[in-house]
Amino acid sequence: MTSREKLGPSTDVHLLYQEAVQSPEVDVRLIDRHYKKLAGKPARLFREDFCGTAALSCAWIELGADRKAIAVDLHAPTLAWGKKNNLAKLSIEQRTRIDLVRSDVRKISRPRVDIVCALNFSYCVFKQRRDMLDYVKNARRSLNPGGMLFMDMWGGSESQTEHRDRTRRRGFIYIWEQRSFDPISFHADCRIHFEFPDGRLRRNAFTYDWRLWTLPELRDIFEEAGLKDIHVLWETSDKNGRGTGVYRRMERTSAEESWVACLVGRA
Ligand SMILES: C[S@@+](CC[C@H](N)C(=O)[O-])C[C@H]1O[C@@H](n2cnc3c(N)ncnc32)[C@H](O)[C@@H]1O
């Protein structure tokens with residue numbers, strides 16, 4: 001749900017966030033294609049956990065008239081922003097196919113869905129293994145037979161350091177700061193700042209008190225939660241080491257400073 005309006009220091013932070021870190025139309029196409037490949041048929045009902053402004057669910061709805069979405073988040077003001085700004089861009093008919101639900105993602109398991117999706121690493125809010133296991137078990141219970149849990153992950157040597165990344169976006173610079181990383185607990189204090197051409201800075205627009213999970217840890221949790229056909233989609237890189245946005249199912253790969261991947265399991 002990227003907007004074409006001019007973005008500047010007075011733009012709403014949710015719009016800046018969407019422009020900086022989300023590509024919902026690209027993401028839903030990847031998820032839709034992957035489900036179809038695994039299940040041999042298209043998915044209809046999609047659940048977006050930690051949905052924030054529900055941008056991904058809106059993109060899902062736009063895939064076709066037979067698509068429905070449930071978007072779940074704890075934070076009422078963010079859901080309200082999504083309703084007013086993202087759902088409002090859908091047609092009246094499209095809006096009837098999307099449900100915004102204010103709930104803890106561990107407390108909702110009905111109706112059963114074809115896909116449960118958690119993007120932008122939001123599950124890192126769970127710092128204890130038992131909480132993460134509860135979440136994944138609940139996601140598995142929420143799936144129709146053959147349904148898919150789809151989560152993105154990030155890692156690499158840089159993810160275990162304190163660092164800042166600056167990325168140019170339309171009208172501003174998006175700054176991802178990992179202010180601290182504790183190698184004992186893997187707890188990370190992460191921040192998003194926005195810097196504008198006139199030098200103004202929107203510091204700490206978003207802050208995350210997260211635990212960085214490793215792929216083998218999450219794979220084990222998926223297995224313990226009863227998921228099957230657990231596999232990794234790895235983002236390929238170009239010759240300069242930059243992510244291409246193309247994901248391949250991989251069993252093995254080599255070390256990278258910074259990587260993004262998706263972890264998939266089926267009910
Ligand atoms: C990083 S934002 C993710 C937004 C969006 N999913 C994306 O892809 O960019 C994390 C969201 O998770 C929500 N959240 C955190 N813990 C939650 C929980 N236990 N249940 C439901 N939502 C939760 C927060 O309110 C916040 O909106």
# chains A, B, ... in the order shown; residues from 1 in each chain; ligands from 1

$ residues_around --residues "Val260 of chain A" --least-positions-apart "6" --cutoff "7 Å" --atoms "only C-alpha atoms" --output "ChimeraX atom specification"
/A:153-155,234-235

$ residues_around --residues "Ala54 of chain A" --least-positions-apart "3" --cutoff "7 Å" --atoms "only C-alpha atoms" --output "tab-separated table (two decimals) with C-alpha atoms, in the first residue's frame"
chain	number	residue	atom	x	y	z
A	51	CYS	CA	-0.56	-7.17	11.04
A	57	SER	CA	-4.00	-8.34	4.03
A	58	CYS	CA	-5.17	-5.53	1.76
A	71	ALA	CA	-5.58	-9.35	10.09
A	82	GLY	CA	-4.92	0.68	8.90

$ closest_atom_pairs --of "chain A" --to "ligand 1" --cutoff "9 Å" --atoms "only C-alpha atoms and all ligand atoms" --output "tab-separated table"
residue	atom	partner	partner_atom_place_in_ligand_line	distance
A:Tyr17	CA	ligand 1	9 (O)	7.6
A:Gln18	CA	ligand 1	9 (O)	7.1
A:Val21	CA	ligand 1	9 (O)	6.7
A:Gln22	CA	ligand 1	9 (O)	6.0
A:Ser23	CA	ligand 1	8 (O)	8.8
A:Pro24	CA	ligand 1	8 (O)	8.2
A:Glu48	CA	ligand 1	6 (N)	7.3
A:Asp49	CA	ligand 1	21 (C)	6.5
A:Phe50	CA	ligand 1	12 (O)	3.8
A:Cys51	CA	ligand 1	6 (N)	4.1
A:Gly52	CA	ligand 1	27 (O)	3.7
A:Thr53	CA	ligand 1	4 (C)	6.8
A:Ala54	CA	ligand 1	5 (C)	7.0
A:Ala55	CA	ligand 1	5 (C)	7.6
A:Leu56	CA	ligand 1	8 (O)	7.2
A:Val72	CA	ligand 1	21 (C)	6.0
A:Asp73	CA	ligand 1	22 (N)	3.7
A:Leu74	CA	ligand 1	22 (N)	4.1
A:His75	CA	ligand 1	25 (O)	4.3
A:Ala76	CA	ligand 1	25 (O)	8.0
A:Pro77	CA	ligand 1	25 (O)	9.0
A:Thr78	CA	ligand 1	27 (O)	6.3
A:Leu79	CA	ligand 1	27 (O)	7.9
A:Arg102	CA	ligand 1	21 (C)	7.5
A:Ser103	CA	ligand 1	21 (C)	5.7
A:Asp104	CA	ligand 1	20 (N)	3.4
A:Val105	CA	ligand 1	20 (N)	4.1
A:Arg106	CA	ligand 1	19 (N)	6.6
A:Lys107	CA	ligand 1	20 (N)	8.2
A:Cys117	CA	ligand 1	6 (N)	8.8
A:Ala118	CA	ligand 1	6 (N)	6.3
A:Leu119	CA	ligand 1	8 (O)	4.5
A:Asn120	CA	ligand 1	8 (O)	4.4
A:Phe121	CA	ligand 1	1 (C)	6.7
A:Ser122	CA	ligand 1	10 (C)	4.7
A:Tyr123	CA	ligand 1	16 (N)	7.2
A:Cys124	CA	ligand 1	16 (N)	8.9
A:Val125	CA	ligand 1	16 (N)	6.1
A:Phe126	CA	ligand 1	19 (N)	7.9
A:Tyr135	CA	ligand 1	19 (N)	8.5
A:Phe206	CA	ligand 1	1 (C)	8.2
A:Thr207	CA	ligand 1	1 (C)	8.8
A:Tyr208	CA	ligand 1	1 (C)	7.5

$ select_by_dssp --residues "segment 20-267 of chain A" --states "strand (DSSP E)" --output "VMD selection string"
chain A and resid 45 to 49 68 to 73 98 to 102 113 to 118 143 to 155 163 to 169 172 to 182 187 to 195 201 to 211 228 to 237 243 to 250 259 to 266

$ atom_distance --atom1 "atom CA of Arg140 of chain A" --atom2 "atom CA of Ile31 of chain A"
16.9 Å

$ closest_residue --among "A:Ala43, A:Ile70, A:Ala59, A:Ala20" --to "Arg168 of chain A" --atoms "only C-alpha atoms"
A:Ala20
